[in-house]
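Data block for final-v1.txt (compact mmCIF, C-alpha atoms and all ligand atoms):
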# COMPACT_ATOMS: atom_id res chain seq x y z
CA MET A 1 0.00 0.00 0.00
CA LEU A 2 1.13 3.55 -0.73
CA THR A 3 2.51 5.32 2.35
CA ILE A 4 2.80 9.07 2.77
CA HIS A 5 5.34 10.27 5.32
CA HIS A 6 3.46 13.27 6.63
CA LEU A 7 5.16 15.98 8.67
CA GLU A 8 2.61 17.96 10.65
CA LYS A 9 1.71 21.44 9.31
CA SER A 10 3.73 21.03 6.16
CA ARG A 11 3.79 20.78 2.39
CA SER A 12 2.76 17.15 2.60
CA GLN A 13 -0.77 18.36 3.39
CA ARG A 14 -1.23 19.04 -0.33
CA ILE A 15 -0.18 15.47 -1.20
CA LEU A 16 -2.90 14.23 1.15
CA TRP A 17 -5.34 16.46 -0.75
CA LEU A 18 -4.15 15.01 -4.07
CA LEU A 19 -4.52 11.44 -2.78
CA GLU A 20 -8.05 12.24 -1.65
CA GLU A 21 -8.86 13.73 -5.07
CA LEU A 22 -7.48 10.61 -6.76
CA GLY A 23 -9.36 8.24 -4.44
CA VAL A 24 -6.21 6.18 -3.84
CA ASP A 25 -5.91 3.95 -0.75
CA TYR A 26 -3.01 5.03 1.39
CA ASP A 27 -1.42 4.84 4.82
CA ILE A 28 -0.20 7.91 6.68
CA LYS A 29 2.91 7.82 8.83
CA PHE A 30 2.88 10.91 11.05
CA TYR A 31 5.96 12.92 12.06
CA LYS A 32 6.07 15.81 14.54
CA ARG A 33 8.19 18.94 14.18
CA ASP A 34 10.78 19.81 16.83
CA GLN A 35 9.02 22.14 19.30
CA THR A 36 11.87 24.66 19.32
CA THR A 37 13.30 24.60 15.81
CA SER A 38 10.20 23.45 13.86
CA LEU A 39 12.52 21.10 11.95
CA ALA A 40 11.56 17.56 10.93
CA PRO A 41 12.51 14.69 13.27
CA PRO A 42 15.57 12.55 12.40
CA GLU A 43 13.32 9.54 11.63
CA LEU A 44 12.52 11.15 8.26
CA LEU A 45 16.22 10.79 7.34
CA ALA A 46 15.71 7.04 7.39
CA ILE A 47 13.11 7.43 4.61
CA HIS A 48 15.03 9.85 2.36
CA PRO A 49 18.54 11.33 2.70
CA LEU A 50 17.23 14.93 2.85
CA GLY A 51 14.89 14.16 5.75
CA LYS A 52 12.10 16.44 4.47
CA SER A 53 8.41 15.93 3.90
CA PRO A 54 6.54 15.07 1.74
CA VAL A 55 7.96 11.68 0.88
CA ILE A 56 5.95 8.73 -0.36
CA THR A 57 6.75 5.06 -0.73
CA ASP A 58 4.78 3.09 -3.28
CA ALA A 59 5.35 -0.31 -4.85
CA GLY A 60 8.92 -0.44 -3.53
CA VAL A 61 9.96 3.05 -4.64
CA THR A 62 10.57 6.11 -2.50
CA ILE A 63 9.77 9.51 -4.00
CA ALA A 64 10.54 12.92 -2.51
CA GLU A 65 9.90 16.48 -3.72
CA SER A 66 6.28 17.62 -4.03
CA GLY A 67 6.41 18.26 -7.78
CA ALA A 68 7.95 14.85 -8.49
CA ILE A 69 5.42 13.14 -6.19
CA ILE A 70 2.55 14.93 -7.93
CA GLU A 71 3.83 13.94 -11.39
CA TYR A 72 4.19 10.34 -10.23
CA LEU A 73 0.76 10.13 -8.62
CA VAL A 74 -1.03 11.87 -11.49
CA GLY A 75 0.81 9.68 -14.03
CA LYS A 76 -0.12 6.49 -12.21
CA TYR A 77 -3.56 7.13 -10.72
CA ASP A 78 -5.28 10.05 -12.49
CA ASP A 79 -7.93 9.33 -15.12
CA GLY A 80 -7.30 12.63 -16.92
CA ARG A 81 -9.26 14.83 -14.54
CA LEU A 82 -6.36 16.63 -12.86
CA LEU A 83 -3.99 16.87 -15.85
CA PRO A 84 -4.85 19.07 -18.85
CA ALA A 85 -4.52 17.45 -22.28
CA ASP A 86 -1.10 17.44 -23.92
CA GLY A 87 -0.47 20.32 -26.33
CA THR A 88 -3.08 22.67 -24.86
CA PRO A 89 -2.41 26.11 -23.29
CA GLU A 90 -3.80 24.65 -20.06
CA ARG A 91 -1.09 21.97 -20.09
CA LEU A 92 1.64 24.59 -20.53
CA ALA A 93 0.17 26.55 -17.61
CA TYR A 94 0.06 23.30 -15.62
CA THR A 95 3.78 22.66 -16.16
CA TYR A 96 4.54 26.29 -15.33
CA TRP A 97 2.66 26.47 -12.02
CA LEU A 98 3.80 23.00 -10.97
CA HIS A 99 7.41 24.24 -11.12
CA TYR A 100 6.80 27.86 -10.11
CA ALA A 101 5.46 26.94 -6.66
CA GLU A 102 8.70 25.45 -5.33
CA GLY A 103 11.11 26.93 -7.88
CA THR A 104 10.23 30.62 -7.52
CA PHE A 105 7.66 31.41 -4.86
CA MET A 106 8.49 29.17 -1.90
CA PRO A 107 12.17 30.24 -1.69
CA LEU A 108 10.87 33.79 -1.08
CA MET A 109 8.63 32.49 1.70
CA ILE A 110 11.58 30.67 3.28
CA VAL A 111 13.71 33.84 3.19
CA SER A 112 10.79 35.67 4.80
CA LEU A 113 10.57 33.02 7.54
CA ILE A 114 14.32 33.22 8.22
CA MET A 115 14.27 37.04 8.36
CA GLY A 116 11.39 36.86 10.85
CA ARG A 117 13.36 34.41 12.99
CA ILE A 118 16.47 36.64 12.98
CA ASP A 119 14.33 39.66 13.87
CA THR A 120 12.91 38.00 16.96
CA ALA A 121 15.92 35.87 18.03
CA PRO A 122 17.35 36.54 21.48
CA MET A 123 20.77 38.22 21.12
CA PRO A 124 23.02 40.66 23.00
CA PHE A 125 21.59 44.21 22.89
CA PHE A 126 24.58 45.60 20.99
CA VAL A 127 24.16 43.03 18.17
CA LYS A 128 20.43 43.71 17.74
CA PRO A 129 20.74 46.94 15.70
CA ILE A 130 23.20 45.23 13.35
CA ALA A 131 20.93 42.21 12.89
CA ARG A 132 17.89 44.46 12.43
CA GLY A 133 19.80 46.52 9.85
CA ILE A 134 20.65 43.42 7.82
CA VAL A 135 17.06 42.13 8.01
CA SER A 136 15.67 45.46 6.91
CA LYS A 137 18.12 45.67 3.98
CA VAL A 138 17.14 42.17 2.82
CA ARG A 139 13.43 42.95 3.25
CA ASN A 140 13.44 46.35 1.56
CA GLY A 141 16.01 45.68 -1.13
CA TYR A 142 15.04 42.15 -2.14
CA LEU A 143 12.30 40.30 -0.33
CA ASP A 144 9.33 42.67 -0.18
CA PRO A 145 9.52 43.91 -3.81
CA ASN A 146 9.87 40.32 -5.07
CA VAL A 147 7.01 38.99 -2.96
CA GLN A 148 4.82 41.85 -4.15
CA ARG A 149 5.74 41.28 -7.80
CA ASN A 150 4.94 37.59 -7.48
CA LEU A 151 1.62 38.19 -5.74
CA ASP A 152 0.69 40.80 -8.36
CA PHE A 153 1.53 38.23 -11.03
CA MET A 154 -0.56 35.48 -9.41
CA GLU A 155 -3.43 37.93 -8.90
CA ALA A 156 -3.35 39.00 -12.55
CA SER A 157 -3.25 35.37 -13.71
CA LEU A 158 -6.16 34.37 -11.48
CA SER A 159 -8.22 37.35 -12.59
CA LYS A 160 -8.47 35.63 -16.01
CA SER A 161 -9.55 32.15 -14.96
CA THR A 162 -11.31 30.15 -12.26
CA TRP A 163 -8.19 28.11 -11.38
CA PHE A 164 -4.48 28.52 -12.10
CA CYS A 165 -4.65 26.60 -15.40
CA GLY A 166 -8.08 27.56 -16.68
CA GLU A 167 -11.61 26.56 -15.79
CA ALA A 168 -10.89 23.18 -14.20
CA LEU A 169 -9.06 22.20 -11.03
CA THR A 170 -5.71 20.53 -11.80
CA ALA A 171 -2.92 19.00 -9.75
CA ALA A 172 -0.97 22.24 -10.31
CA ASP A 173 -3.59 24.04 -8.19
CA ILE A 174 -2.94 21.46 -5.50
CA GLN A 175 0.79 22.17 -5.76
CA MET A 176 0.09 25.93 -5.59
CA SER A 177 -2.17 25.57 -2.53
CA PHE A 178 0.75 25.60 -0.08
CA ALA A 179 2.25 28.67 -1.78
CA VAL A 180 -1.04 30.52 -1.53
CA GLU A 181 -1.47 29.46 2.10
CA ALA A 182 2.07 30.64 2.86
CA ALA A 183 1.20 34.00 1.26
CA GLU A 184 -1.99 34.20 3.34
CA VAL A 185 0.03 34.10 6.58
CA ARG A 186 1.96 37.24 5.55
CA THR A 187 -0.56 39.19 3.47
CA ASP A 188 -4.08 40.55 3.74
CA LEU A 189 -5.22 38.54 0.71
CA ALA A 190 -8.91 39.43 0.98
CA ASN A 191 -8.23 43.17 0.66
CA GLN A 192 -5.11 43.22 -1.50
CA TYR A 193 -5.39 40.13 -3.69
CA PRO A 194 -9.08 39.22 -4.07
CA ASN A 195 -8.55 36.62 -6.81
CA ILE A 196 -5.87 34.75 -4.86
CA ASP A 197 -8.21 34.88 -1.88
CA ARG A 198 -11.09 33.56 -4.01
CA VAL A 199 -9.04 30.59 -5.24
CA LEU A 200 -7.94 29.75 -1.70
CA LYS A 201 -11.59 29.76 -0.62
CA GLN A 202 -12.51 27.55 -3.60
CA MET A 203 -9.80 25.08 -2.56
CA ARG A 204 -10.93 24.98 1.05
CA ALA A 205 -14.53 24.35 -0.01
CA LEU A 206 -13.64 21.13 -1.85
CA PRO A 207 -14.61 17.87 -0.08
CA ALA A 208 -11.24 16.24 -0.87
CA TYR A 209 -9.35 19.23 0.61
CA GLN A 210 -11.46 18.95 3.76
CA ALA A 211 -11.03 15.18 3.98
CA ALA A 212 -7.27 15.67 3.73
CA ILE A 213 -7.32 18.22 6.57
CA GLU A 214 -9.27 15.76 8.69
CA LYS A 215 -6.75 13.00 8.01
CA GLY A 216 -3.60 15.12 8.32
CA GLY A 217 -4.31 16.63 11.72
CA PRO A 218 -4.22 20.26 12.84
CA TYR A 219 -2.94 22.44 9.99
CA SER A 220 -1.52 25.94 10.22
CA LEU A 221 1.53 27.46 8.61
CA LEU A 222 4.60 28.98 10.22
CA GLY A 223 4.37 32.78 10.13
CA ALA A 224 6.64 35.80 9.48
N1 LIG B 1 10.79 21.53 -2.28
C1 LIG B 1 10.52 20.50 -1.31
C2 LIG B 1 10.58 21.12 0.08
C3 LIG B 1 10.48 20.10 1.19
C4 LIG B 1 10.49 20.79 2.55
O1 LIG B 1 11.29 21.71 2.80
N2 LIG B 1 9.58 20.35 3.42
C5 LIG B 1 9.47 20.96 4.73
C6 LIG B 1 8.02 20.87 5.20
S1 LIG B 1 7.03 22.18 4.66
C7 LIG B 1 10.27 20.18 5.76
O2 LIG B 1 10.37 18.98 5.67
N3 LIG B 1 10.75 20.91 6.77
C8 LIG B 1 11.39 20.36 7.91
C9 LIG B 1 12.87 20.50 7.90
O3 LIG B 1 13.41 21.21 7.04
O4 LIG B 1 13.51 19.89 8.76
C10 LIG B 1 9.14 19.91 -1.60
O5 LIG B 1 8.27 20.61 -2.11
O6 LIG B 1 8.94 18.71 -1.36
Please lay out the structure from this file as structure tokens.
Ligand SMILES: N[C@@H](CCC(=O)N[C@@H](CS)C(=O)NCC(=O)O)C(=O)O
Amino acid sequence: MLTIHHLEKSRSQRILWLLEELGVDYDIKFYKRDQTTSLAPPELLAIHPLGKSPVITDAGVTIAESGAIIEYLVGKYDDGRLLPADGTPERLAYTYWLHYAEGTFMPLMIVSLIMGRIDTAPMPFFVKPIARGIVSKVRNGYLDPNVQRNLDFMEASLSKSTWFCGEALTAADIQMSFAVEAAEVRTDLANQYPNIDRVLKQMRALPAYQAAIEKGGPYSLLGA
């Protein structure tokens, strides 16, 4: 049976959603984050050398990396519902958003998380202004303008269609769900990005999304 190695409050939540959409039977192995560092426990290193989640094992193979897992699951279990037809504009959009989520947007969210951690880390009083200065330079000179440009881009794309790749839900929307949820933690989506907010609400209204939340346990994203 397919097993998903599920780290609490993590990207593997979207793989649970995909498995629910596909109607595949699966087992969940749960992993808890370290209370202080939020990092994954060492047991995940026994599953894959990078020790991150999501990871799945299926029919004797172990697959890591959300995009690769999604391609594998869609290729093996989808009946054509979550993958646009080859050669269509929707398929090109599908490939784009599938890679964009982890290739472009999530690194910005990780930098944002790290800057937030530095900002609030305990440190000697005389180091604080230096640390704050570096954080503010990174935020003003790089992070904030890039996050805004990316959110503007997503907003403009979603103003033209119901989902990221057109009128139907695809597995690329499922991949993008974590990116949009990460953005939600840092941004007033409802007021600033109404189309991103709309798509997030559409996702959360889907029975398979809700079933995945029920199976995956409490779900909230790390802030900053
Ligand atoms: N690009 C990878 C990222 C994997 C990743 O960083 N997963 C996070 C969970 S959201 C993780 O395992 N964090 C715990 C840690 O780094 O120890 C993917 O999409 O699968």
* To do: Would you please work out which residue, of A:Asp197, A:Glu184, A:Glu65, A:Glu71, is nearest to ligand LIG 1 (chain B) when using all atoms listed in the file?
  => A:Glu65
* Given the choices A:Tyr31, A:Phe125, A:Tyr96, A:Tyr193, which gets closest to ligand LIG 1 (chain B) if the distance is worked out from all atoms listed in the file? -> A:Tyr31
* To do: Report as a PyMOL selection string which protein, DNA and RNA residues come within 9 Å of ligand LIG 1 (chain B), using all atoms listed in the file.
  => chain A and resi 6-13+33-34+37-42+44+50-55+64-69+101-103+106-107+110+175+178+221
* To do: Have a look at atom CA of Ala156 of chain A and atom CA of Ala171 of chain A and let me know their distance in Å, one decimal.
  => 20.2 Å
* Shell around segment 167-169 of chain A at 10 Å using only C-alpha atoms, local window under 3 positions removed, as a ChimeraX atom specification -> /A:81-84,90,160-164,172-174,202-203
Just segment 77-106 of chain A, please, as a CSV table (one decimal), in the first residue's frame (only N, CA, C and O atoms).
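Writing the result to result_23.csv gives the following:
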chain,number,residue,atom,x,y,z
A,77,TYR,N,-2.2,7.3,-11.2
A,77,TYR,CA,-3.6,7.1,-10.7
A,77,TYR,C,-4.6,8.1,-11.3
A,77,TYR,O,-5.8,7.8,-11.1
A,78,ASP,N,-4.3,9.1,-12.0
A,78,ASP,CA,-5.3,10.1,-12.5
A,78,ASP,C,-5.9,9.5,-13.8
A,78,ASP,O,-5.3,8.9,-14.6
A,79,ASP,N,-7.2,9.8,-13.9
A,79,ASP,CA,-7.9,9.3,-15.1
A,79,ASP,C,-8.1,10.5,-16.1
A,79,ASP,O,-8.9,10.4,-17.0
A,80,GLY,N,-7.2,11.5,-16.0
A,80,GLY,CA,-7.3,12.6,-16.9
A,80,GLY,C,-8.0,13.8,-16.4
A,80,GLY,O,-8.1,14.9,-17.0
A,81,ARG,N,-8.5,13.7,-15.1
A,81,ARG,CA,-9.3,14.8,-14.5
A,81,ARG,C,-8.4,16.0,-14.1
A,81,ARG,O,-8.7,17.1,-14.2
A,82,LEU,N,-7.2,15.6,-13.5
A,82,LEU,CA,-6.4,16.6,-12.9
A,82,LEU,C,-5.2,17.1,-13.7
A,82,LEU,O,-4.3,17.8,-13.3
A,83,LEU,N,-5.1,16.6,-14.9
A,83,LEU,CA,-4.0,16.9,-15.8
A,83,LEU,C,-4.6,17.3,-17.2
A,83,LEU,O,-5.2,16.6,-17.9
A,84,PRO,N,-4.3,18.6,-17.6
A,84,PRO,CA,-4.9,19.1,-18.9
A,84,PRO,C,-4.2,18.3,-20.0
A,84,PRO,O,-3.1,17.8,-19.9
A,85,ALA,N,-5.0,18.2,-21.1
A,85,ALA,CA,-4.5,17.4,-22.3
A,85,ALA,C,-3.2,18.0,-22.8
A,85,ALA,O,-3.0,19.2,-22.9
A,86,ASP,N,-2.4,17.1,-23.3
A,86,ASP,CA,-1.1,17.4,-23.9
A,86,ASP,C,-1.3,18.4,-25.1
A,86,ASP,O,-2.3,18.3,-25.8
A,87,GLY,N,-0.4,19.4,-25.2
A,87,GLY,CA,-0.5,20.3,-26.3
A,87,GLY,C,-1.4,21.5,-26.2
A,87,GLY,O,-1.6,22.3,-27.1
A,88,THR,N,-2.1,21.6,-25.1
A,88,THR,CA,-3.1,22.7,-24.9
A,88,THR,C,-2.4,23.8,-24.1
A,88,THR,O,-1.4,23.5,-23.3
A,89,PRO,N,-2.9,25.0,-24.1
A,89,PRO,CA,-2.4,26.1,-23.3
A,89,PRO,C,-2.5,25.8,-21.8
A,89,PRO,O,-1.7,26.1,-21.0
A,90,GLU,N,-3.6,25.0,-21.5
A,90,GLU,CA,-3.8,24.7,-20.1
A,90,GLU,C,-2.7,23.8,-19.6
A,90,GLU,O,-2.2,23.9,-18.4
A,91,ARG,N,-2.2,22.9,-20.5
A,91,ARG,CA,-1.1,22.0,-20.1
A,91,ARG,C,0.2,22.7,-19.9
A,91,ARG,O,1.0,22.5,-18.9
A,92,LEU,N,0.4,23.8,-20.7
A,92,LEU,CA,1.6,24.6,-20.5
A,92,LEU,C,1.6,25.3,-19.2
A,92,LEU,O,2.5,25.4,-18.4
A,93,ALA,N,0.4,25.9,-18.9
A,93,ALA,CA,0.2,26.6,-17.6
A,93,ALA,C,0.4,25.6,-16.5
A,93,ALA,O,1.0,25.9,-15.4
A,94,TYR,N,-0.1,24.3,-16.6
A,94,TYR,CA,0.1,23.3,-15.6
A,94,TYR,C,1.5,23.1,-15.3
A,94,TYR,O,2.0,23.1,-14.1
A,95,THR,N,2.3,22.9,-16.4
A,95,THR,CA,3.8,22.7,-16.2
A,95,THR,C,4.4,23.9,-15.5
A,95,THR,O,5.2,23.7,-14.5
A,96,TYR,N,4.0,25.1,-15.9
A,96,TYR,CA,4.5,26.3,-15.3
A,96,TYR,C,4.3,26.4,-13.8
A,96,TYR,O,5.2,26.5,-13.0
A,97,TRP,N,3.0,26.3,-13.4
A,97,TRP,CA,2.7,26.5,-12.0
A,97,TRP,C,3.2,25.3,-11.1
A,97,TRP,O,3.5,25.5,-10.0
A,98,LEU,N,3.3,24.1,-11.7
A,98,LEU,CA,3.8,23.0,-11.0
A,98,LEU,C,5.2,23.3,-10.5
A,98,LEU,O,5.7,23.0,-9.4
A,99,HIS,N,6.0,23.9,-11.4
A,99,HIS,CA,7.4,24.2,-11.1
A,99,HIS,C,7.6,25.6,-10.4
A,99,HIS,O,8.4,25.7,-9.5
A,100,TYR,N,6.7,26.5,-10.7
A,100,TYR,CA,6.8,27.9,-10.1
A,100,TYR,C,6.7,27.8,-8.6
A,100,TYR,O,7.4,28.5,-7.9
A,101,ALA,N,5.8,27.0,-8.1
A,101,ALA,CA,5.5,26.9,-6.7
A,101,ALA,C,6.7,26.8,-5.8
A,101,ALA,O,7.0,27.6,-5.0
A,102,GLU,N,7.5,25.7,-6.1
A,102,GLU,CA,8.7,25.5,-5.3
A,102,GLU,C,9.9,26.1,-5.9
A,102,GLU,O,10.9,26.4,-5.2
A,103,GLY,N,9.9,26.4,-7.2
A,103,GLY,CA,11.1,26.9,-7.9
A,103,GLY,C,11.3,28.4,-7.7
A,103,GLY,O,12.4,28.9,-7.5
A,104,THR,N,10.1,29.2,-7.6
A,104,THR,CA,10.2,30.6,-7.5
A,104,THR,C,9.6,31.2,-6.2
A,104,THR,O,10.2,31.9,-5.5
A,105,PHE,N,8.4,30.7,-5.9
A,105,PHE,CA,7.7,31.4,-4.9
A,105,PHE,C,8.1,30.9,-3.5
A,105,PHE,O,8.3,31.8,-2.6
A,106,MET,N,8.2,29.6,-3.3
A,106,MET,CA,8.5,29.2,-1.9
A,106,MET,C,9.8,29.6,-1.4
A,106,MET,O,10.0,29.9,-0.2
